[in-house]
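*Asks:* Just one file: upload.cif, with mmCIF, C-alpha atoms.
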data_work
loop_
_atom_site.label_atom_id
_atom_site.label_comp_id
_atom_site.auth_asym_id
_atom_site.auth_seq_id
_atom_site.Cartn_x
_atom_site.Cartn_y
_atom_site.Cartn_z
CA MET A 297 0.00 0.00 0.00
CA THR A 298 2.83 2.36 0.74
CA THR A 299 4.27 1.79 -2.71
CA ARG A 300 0.95 2.52 -4.44
CA ARG A 301 0.42 5.73 -2.46
CA SER A 302 3.93 6.86 -3.36
CA GLU A 303 3.29 6.22 -7.04
CA THR A 304 0.00 8.08 -6.88
CA GLY A 305 1.69 11.05 -5.21
CA GLN A 306 4.38 11.13 -7.88
CA ILE A 307 1.76 11.12 -10.62
CA VAL A 308 -0.04 14.04 -8.98
CA ILE A 309 3.20 15.99 -8.73
CA VAL A 310 3.99 15.33 -12.38
CA LEU A 311 0.51 16.44 -13.41
CA VAL A 312 0.81 19.61 -11.35
CA VAL A 313 4.18 20.43 -12.87
CA PHE A 314 2.89 19.64 -16.36
CA CYS A 315 -0.17 21.83 -15.90
CA ALA A 316 1.95 24.67 -14.57
CA ALA A 317 4.31 24.36 -17.55
CA MET A 318 1.39 24.38 -19.95
CA ALA A 319 -0.03 27.46 -18.26
CA VAL A 320 3.30 29.26 -18.61
CA LEU A 321 3.54 28.19 -22.24
CA ALA A 322 -0.01 29.34 -22.94
CA ALA A 323 0.69 32.70 -21.31
CA ALA A 324 3.87 33.07 -23.31
CA LEU A 325 2.10 32.20 -26.54
CA LEU A 326 -0.65 34.65 -25.67
CA GLN A 327 1.89 37.42 -25.14
CA VAL A 328 3.70 36.53 -28.33
CA GLY A 329 0.39 36.73 -30.14
CA GLU A 330 -0.41 40.06 -28.52
CA GLY A 331 3.02 41.40 -29.42
CA THR A 332 2.71 40.21 -33.01
CA ASP A 333 -0.71 41.78 -33.29
CA GLN A 334 0.55 45.06 -31.86
CA ARG A 335 3.49 45.10 -34.23
CA ALA A 336 1.22 44.47 -37.19
CA ARG A 337 -1.12 47.25 -36.09
CA ALA A 338 1.82 49.62 -35.61
CA ASP A 339 3.16 48.83 -39.09
CA THR A 340 -0.25 49.36 -40.65
CA ALA A 341 -0.77 52.62 -38.79
CA ALA A 342 2.68 53.93 -39.77
CA ASP A 343 2.02 53.14 -43.43
CA ALA A 344 -1.37 54.87 -43.28
CA ALA A 345 0.06 57.92 -41.50
CA ALA A 346 2.90 58.36 -44.00
CA LEU A 347 0.57 58.02 -46.99
CA ALA A 348 -2.01 60.37 -45.46
CA GLY A 349 0.60 63.02 -44.69
CA ALA A 350 2.01 62.82 -48.21
CA LYS A 351 -1.46 63.05 -49.76
CA ALA A 352 -2.39 66.09 -47.66
CA ILE A 353 0.75 67.93 -48.74
CA GLY A 354 0.26 66.83 -52.33
CA ASP A 355 -3.32 68.09 -52.35
CA GLN A 356 -2.16 71.45 -51.06
CA VAL A 357 0.61 71.72 -53.66
CA THR A 358 -1.63 70.76 -56.57
CA ASN A 359 -4.36 73.18 -55.46
CA LEU A 360 -1.88 76.05 -55.28
CA LEU A 361 -0.39 75.15 -58.66
CA LYS A 362 -3.80 75.79 -60.20
CA VAL A 363 -3.88 79.32 -58.79
CA VAL A 364 -2.33 82.25 -60.60
CA PRO A 365 -0.12 83.79 -59.37
CA PHE A 366 1.85 81.04 -57.69
CA ASP A 367 5.62 80.72 -57.86
CA LEU A 368 7.26 77.28 -58.02
CA ASN A 369 10.13 78.63 -55.92
CA HIS A 370 7.94 78.42 -52.81
CA ILE A 371 6.79 74.82 -53.04
CA GLY A 372 9.41 73.81 -50.49
CA ASP A 373 7.78 76.16 -47.98
CA LEU A 374 4.72 73.90 -47.88
CA LEU A 375 6.71 71.06 -46.31
CA GLY A 376 6.61 72.69 -42.90
CA HIS A 377 2.86 73.18 -43.00
CA THR A 378 0.77 71.50 -40.30
CA LEU A 379 -1.69 70.06 -42.81
CA GLY A 380 0.46 66.98 -43.49
CA TYR A 381 1.13 66.43 -39.79
CA ASN A 382 -2.54 66.71 -38.88
CA ALA A 383 -3.58 64.18 -41.53
CA ALA A 384 -0.91 61.73 -40.41
CA ALA A 385 -1.91 62.12 -36.76
CA GLN A 386 -5.56 61.50 -37.57
CA PHE A 387 -4.85 58.27 -39.45
CA ALA A 388 -2.51 57.09 -36.70
CA GLN A 389 -5.24 57.65 -34.10
CA GLU A 390 -7.82 55.82 -36.20
CA ASN A 391 -5.51 52.79 -36.20
CA GLY A 392 -5.09 52.75 -32.41
CA THR A 393 -1.72 54.50 -32.33
CA SER A 394 -0.22 57.91 -31.64
CA LEU A 395 2.00 59.86 -34.04
CA THR A 396 5.33 60.50 -32.32
CA ASP A 397 7.40 61.91 -35.20
CA PHE A 398 6.61 63.42 -38.61
CA ARG A 399 9.22 64.69 -41.06
CA THR A 400 9.20 66.00 -44.62
CA ALA A 401 11.86 66.74 -47.22
CA LEU A 402 12.27 67.63 -50.86
CA GLY A 403 13.29 64.59 -52.86
CA SER A 404 15.36 64.30 -56.01
CA GLY A 405 15.03 66.89 -58.73
CA ASN A 406 14.63 70.64 -58.58
CA PRO A 407 11.06 71.94 -58.80
CA THR A 408 12.32 75.40 -59.84
CA SER A 409 14.34 74.11 -62.78
CA PRO A 410 12.78 74.35 -66.24
CA LEU A 411 14.42 71.00 -66.99
CA SER A 412 12.83 69.24 -63.99
CA PRO A 413 9.03 69.26 -64.39
CA THR A 414 8.58 66.64 -61.65
CA ILE A 415 8.42 67.64 -57.99
CA THR A 416 9.37 64.90 -55.53
CA LEU A 417 8.50 65.15 -51.83
CA LYS A 418 9.17 62.64 -49.06
CA VAL A 419 7.36 62.02 -45.79
CA ARG A 420 8.32 59.88 -42.79
CA ALA A 421 5.96 59.01 -39.94
CA THR A 422 6.63 57.20 -36.64
CA VAL A 423 3.79 55.84 -34.51
CA ARG A 424 3.43 54.09 -31.14
CA THR A 425 0.59 51.78 -30.10
CA ASN A 426 -1.63 53.19 -27.39
CA ASP A 427 -2.12 49.93 -25.46
CA LYS A 428 0.49 47.60 -23.97
CA THR A 429 0.89 43.85 -23.98
CA SER A 430 -0.37 42.34 -20.72
CA SER A 431 2.15 41.60 -17.99
CA GLY A 432 2.99 37.96 -17.45
CA PRO A 433 5.81 35.42 -17.15
CA ILE A 434 7.70 36.85 -20.12
CA ARG A 435 7.33 40.55 -19.21
CA GLN A 436 6.93 40.71 -15.49
CA ILE A 437 6.09 44.38 -15.12
CA GLY A 438 3.93 46.65 -17.24
CA GLY A 439 4.37 45.31 -20.78
CA VAL A 440 5.63 47.22 -23.82
CA GLN A 441 4.32 49.37 -26.69
CA SER A 442 5.15 48.72 -30.33
CA ILE A 443 6.79 51.47 -32.40
CA SER A 444 6.94 51.55 -36.20
CA THR A 445 8.26 53.98 -38.84
CA SER A 446 7.20 54.24 -42.48
CA ALA A 447 8.11 56.57 -45.34
CA ALA A 448 6.21 57.65 -48.43
CA GLU A 449 7.21 59.43 -51.62
CA LEU A 450 5.05 61.91 -53.47
CA LYS A 451 5.71 62.70 -57.14
CA ILE A 452 3.91 65.53 -58.90
CA GLU A 453 4.28 65.82 -62.67
CA LEU A 454 3.48 69.28 -63.93
CA LEU A 455 1.39 68.65 -66.99
CA GLY A 456 0.60 71.94 -68.70
CA ALA A 457 -2.84 72.70 -70.05
CA GLY A 458 -3.59 75.85 -71.99
CA ILE A 459 0.11 76.75 -72.04
CA GLY A 460 1.21 74.97 -75.18
CA ALA A 461 2.69 76.64 -78.20
CA ILE A 462 0.21 78.86 -79.95
CA GLY A 463 -0.32 78.16 -83.65
CA SER A 464 -1.64 75.34 -85.76
CA GLY A 465 0.10 72.00 -85.39
CA GLY A 466 1.98 73.07 -82.30
CA GLY A 467 4.26 75.34 -84.30
CA PRO A 468 6.40 78.14 -82.92
CA MET A 469 4.90 81.10 -81.13
CA PRO A 470 3.97 84.09 -83.29
CA GLY A 471 6.95 86.41 -83.39
CA VAL A 472 9.63 83.68 -83.29
CA PRO A 473 11.11 83.84 -86.80
CA LEU A 474 13.38 81.42 -88.63
CA GLY A 475 17.09 81.96 -88.18
CA ASP A 476 17.00 82.09 -84.38
CA PRO A 477 20.48 80.88 -83.35
CA TYR A 478 19.37 79.22 -80.09
CA PRO A 479 18.06 75.65 -79.61
CA PRO A 480 14.30 75.52 -80.34
CA GLY A 481 12.07 75.34 -77.30
CA GLN A 482 14.60 76.87 -74.90
CA CYS A 483 13.93 80.11 -73.06
CA THR A 484 16.83 81.76 -74.91
CA TRP A 485 15.33 80.67 -78.25
CA TYR A 486 12.01 82.30 -77.43
CA VAL A 487 13.40 85.61 -76.15
CA ALA A 488 15.95 85.84 -78.98
CA GLY A 489 13.15 85.26 -81.49
CA ARG A 490 11.07 88.00 -79.89
CA LEU A 491 14.05 90.35 -80.13
CA MET A 492 14.49 89.48 -83.82
CA SER A 493 10.82 90.26 -84.44
CA ALA A 494 11.31 93.63 -82.72
CA GLY A 495 14.09 94.60 -85.14
CA TYR A 496 17.18 93.15 -83.47
CA SER A 497 17.86 90.32 -85.94
CA ALA A 498 21.34 91.51 -86.87
CA LEU A 499 22.35 91.87 -83.22
CA VAL A 500 20.99 88.46 -82.21
CA GLN A 501 22.40 86.55 -85.18
CA SER A 502 25.84 88.11 -84.93
CA SER A 503 26.27 87.54 -81.21
CA THR A 504 26.69 84.59 -78.87
CA TRP A 505 25.26 85.45 -75.48
CA GLY A 506 25.51 81.90 -74.13
CA ASN A 507 23.21 80.39 -71.54
CA ALA A 508 20.40 82.47 -70.10
CA GLY A 509 22.29 83.24 -66.91
CA ASP A 510 25.17 84.67 -68.98
CA TRP A 511 23.07 87.16 -70.91
CA PRO A 512 23.48 90.13 -68.51
CA GLY A 513 27.25 89.92 -68.90
CA ASN A 514 27.29 89.34 -72.66
CA ILE A 515 24.59 91.64 -74.02
CA PRO A 516 26.20 94.94 -75.12
CA PRO A 517 26.28 97.51 -72.30
CA THR A 518 24.52 100.04 -74.52
CA PHE A 519 21.26 98.41 -73.44
CA ASN A 520 20.20 99.67 -70.04
CA ARG A 521 20.14 97.34 -67.04
CA ASP A 522 17.80 98.05 -64.16
CA ALA A 523 16.46 96.44 -61.02
CA THR A 524 13.01 97.92 -61.64
CA PRO A 525 10.96 96.13 -64.32
CA VAL A 526 8.77 97.67 -67.00
CA ALA A 527 6.67 95.91 -69.62
CA GLY A 528 8.84 94.82 -72.53
CA ASP A 529 12.02 94.28 -70.49
CA VAL A 530 14.01 91.10 -70.84
CA ALA A 531 13.99 89.56 -67.34
CA THR A 532 17.07 87.49 -66.55
CA TRP A 533 17.93 85.10 -63.74
CA PHE A 534 21.45 83.86 -62.99
CA SER A 535 22.21 80.13 -62.85
CA GLY A 536 22.44 80.32 -59.07
CA THR A 537 18.86 81.59 -58.90
CA ILE A 538 17.33 79.16 -61.41
CA PRO A 539 19.76 76.28 -61.93
CA PRO A 540 21.42 74.96 -63.90
CA TYR A 541 21.58 77.53 -66.74
CA GLY A 542 19.58 80.54 -65.55
CA HIS A 543 16.46 81.79 -67.28
CA VAL A 544 15.20 84.64 -69.50
CA ALA A 545 11.68 85.87 -70.16
CA ILE A 546 9.75 88.84 -71.52
CA VAL A 547 8.00 91.08 -68.99
CA ASP A 548 4.33 91.45 -69.91
CA GLN A 549 2.92 93.24 -66.88
CA VAL A 550 4.13 94.59 -63.54
CA ALA A 551 1.82 94.60 -60.52
CA GLY A 552 2.48 94.83 -56.81
CA GLY A 553 6.18 94.12 -57.14
CA ARG A 554 5.55 90.97 -59.16
CA ILE A 555 6.00 90.44 -62.88
CA LEU A 556 3.83 88.59 -65.38
CA VAL A 557 6.21 87.05 -67.90
CA GLU A 558 6.11 85.12 -71.16
CA ASP A 559 8.74 82.49 -71.69
CA TYR A 560 9.57 78.97 -72.77
CA ASN A 561 10.83 75.91 -70.91
CA TYR A 562 9.84 76.94 -67.40
CA ILE A 563 6.32 75.77 -66.59
CA ALA A 564 6.87 72.65 -68.67
CA PRO A 565 9.73 71.45 -70.92
CA LEU A 566 9.98 73.11 -74.33
CA THR A 567 6.61 74.76 -73.80
CA TYR A 568 5.32 78.32 -73.92
CA GLY A 569 4.10 79.77 -70.63
CA ARG A 570 2.67 82.95 -69.21
CA HIS A 571 2.89 83.20 -65.44
CA TRP A 572 3.76 85.36 -62.47
CA MET A 573 7.20 85.60 -60.87
CA ASN A 574 8.43 87.41 -57.77
CA GLY A 575 11.07 89.35 -59.68
CA ALA A 576 14.32 88.73 -61.51
CA ASP A 577 18.03 89.35 -61.02
CA VAL A 578 18.50 91.83 -63.87
CA PHE A 579 16.10 93.60 -66.24
CA ILE A 580 17.46 94.65 -69.64
CA ASN A 581 15.66 97.23 -71.75
CA PHE A 582 15.47 96.86 -75.53
CA PRO A 583 13.60 99.84 -77.03
CA GLY A 584 10.72 98.67 -79.19
CA LEU A 585 10.32 95.29 -77.48
CA THR A 586 6.87 94.86 -76.00
CA GLY A 587 5.12 92.24 -73.96
CA ASN A 588 1.91 90.32 -74.66
CA ALA A 589 2.98 88.79 -77.97
CA GLY A 590 0.08 86.37 -77.96
CA GLY A 591 -2.69 89.00 -78.09
CA LEU A 592 -3.52 92.56 -78.94
CA PRO A 593 -2.28 95.37 -76.69
CA GLY A 594 -4.46 95.45 -73.61
CA ASP A 595 -5.92 92.04 -74.45
CA PRO A 596 -4.12 89.69 -72.03
CA LEU A 597 -3.74 86.02 -72.76
CA PRO A 598 -5.75 83.60 -70.60
CA PRO A 599 -3.58 82.55 -67.67
CA PRO A 600 -1.96 79.12 -67.87
CA THR A 601 -3.29 76.36 -65.69
CA LEU A 602 -1.61 73.21 -64.48
CA HIS A 603 -3.20 69.80 -64.12
CA PRO A 604 -0.62 67.90 -62.07
CA LYS A 605 -0.41 64.12 -62.13
CA VAL A 606 0.17 62.81 -58.61
CA ASP A 607 1.69 59.49 -57.56
CA ILE A 608 2.06 58.46 -53.89
CA HIS A 609 3.71 55.24 -52.77
CA LEU A 610 5.56 53.79 -49.81
CA ILE A 611 9.36 53.64 -49.87
CA GLN A 612 12.07 52.16 -47.70
CA THR A 613 12.77 54.38 -44.69
CA SER A 614 16.46 54.29 -45.63
CA ARG A 615 15.58 56.34 -48.73
CA PHE A 616 14.22 59.22 -46.71
#
Do you think you could lay out the structure here as structure tokens?
*Replies:*
Amino acid sequence: MTTRRSETGQIVIVLVVFCAAMAVLAAALLQVGEGTDQRARADTAADAAALAGAKAIGDQVTNLLKVVPFDLNHIGDLLGHTLGYNAAAQFAQENGTSLTDFRTALGSGNPTSPLSPTITLKVRATVRTNDKTSSGPIRQIGGVQSISTSAAELKIELLGAGIGAIGSGGGPMPGVPLGDPYPPGQCTWYVAGRLMSAGYSALVQSSTWGNAGDWPGNIPPTFNRDATPVAGDVATWFSGTIPPYGHVAIVDQVAGGRILVEDYNYIAPLTYGRHWMNGADVFINFPGLTGNAGGLPGDPLPPPTLHPKVDIHLIQTSRF
């Protein structure tokens, strides 16, 4: 009888130990499951926050691009706006997390360059889950919160509408004659052609003024330079202001310190545009040159509009 009782006691002890081990294992598995679920929710929330922030900034940029006047030089200023942060925070909250960090940056390309019609913006969002995994054998005190970071890239292609070359078949603008020595479709080609039409053919065809940013130093000094624009001036920007080659345009109107210009290869590649700018580096006066080539005096052209094409997608955080 003593032997049987001993065996029974041993079996009970084994069962107790086994049950305890299974309870610990079950608790551990439960916590692992909770942790995996939290991590998944954090990843999802971070993705949603990054995409939402990028979309909010993109919507603001595209809306402003449709408004005249709006200068491309100030697109970078929109990155610090709270609109993107607020959208990211809202989506993080809707996914059971809190936004702990939100950053923006200009991506590759130069939105102010006439040769770069694509604006690239980047957004990075970091979120933290609001609840914690339950305490237990694995984490004895408190539990932990999951943290996740995601990044998104926003690309805006500036597709011009109503700013194409005027004339049947997409030909050259009126007033851009044959014999222009500059590459067709460039800003220098357009302004040189306008000068030729205004009676400066011999001067233009016998001279090499170089890239747009070099014009102030190469145009004969007999033509007045000024910092104050008037309609008909040739507005010039150095390469440091509008990289990589500078820019030239014809001043059409002056209002409130801003200038309405006609040019090529700025709003969109190899394309005519009429838009507002905040000024230029140097204004050069050619007597007889007038603005508003596309219409009668006092009959302004319809302002150009932009219909941007937007693409938003997630990227590796290492690319931010």
*Asks:* Run the PyMOL selection byres ((chain A and resi 583) around 12) on the file and write out the hits as a ChimeraX atom specification.
*Replies:* /A:491,494-496,518-520,526-530,580-582,584-587
*Asks:* Could you work out how far atom CA of A:Asp559 lies from atom CA of A:Pro604, giving the answer in Å with one decimal?
*Replies:*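 Atom CA of A:Asp559 lies at a distance of 19.8 Å from atom CA of A:Pro604.
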*Asks:* Enter the distance from atom CA of A:Glu449 to atom CA of A:Ala341, in Å, rounded to one decimal.
*Replies:*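 Between atom CA of A:Glu449 and atom CA of A:Ala341 the gap works out to 16.6 Å.
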*Asks:* Quick one: pull the distance between atom CA of A:Asp510 and atom CA of A:Cys483, Å, one decimal.
*Replies:*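 Calculated distance between atom CA of A:Asp510 and atom CA of A:Cys483 is 12.8 Å.
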*Asks:* Using the chain letters and numbers from the file, which residues does the PyMOL selection byres ((chain A and resi 420) around 6) grab, as JSON, numbers by chain?
*Replies:* {"A": [346, 398, 399, 419, 421, 446, 447]}
*Asks:* Could you tell me, as a list in words, exactly which residues end up selected when the PyMOL selection byres ((chain A and resi 479) around 12) is applied to this structure?
*Replies:*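 Expected selection for the PyMOL selection byres ((chain A and resi 479) around 12) here is Leu474, Gly475, Asp476, Pro477, Tyr478, Pro480, Gly481, Gln482, Cys483, Thr484, Trp485, Tyr486, Val487, Ala488, Gly489, Gly506, Asn507, Ala508, Tyr560, Asn561 and Leu566 of chain A.
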*Asks:* So, with all atoms listed in the file as the atoms that count, which of A:Asn574, A:Asn514, A:Lys351, A:Thr396 lies closest to A:Val500?
*Replies:*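 Once distances to A:Val500 are computed over all atoms listed in the file, the minimum belongs to A:Asn514.
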*Asks:* Identify which of the residues A:Leu450, A:Val606, A:Leu347, A:Ala385 lies closest to A:Leu417, counting all atoms listed in the file when measuring atom-to-atom distances.
*Replies:* A:Leu450
*Asks:* Dig up all the protein and nucleic acid residues within 12 Å of (18.4, 56.0, -45.6) in the file frame, using all atoms listed in the file, and format them as JSON, numbers by chain.
*Replies:* {"A": [418, 420, 446, 447, 611, 612, 613, 614, 615, 616]}
*Asks:* Ranking A:Ile353, A:Ala576, A:Asp548, A:Ile443 by minimum distance to A:Ala523 and counting all atoms listed in the file, which one comes first?
*Replies:*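 For A:Ala523, the nearest of the given residues is A:Ala576.
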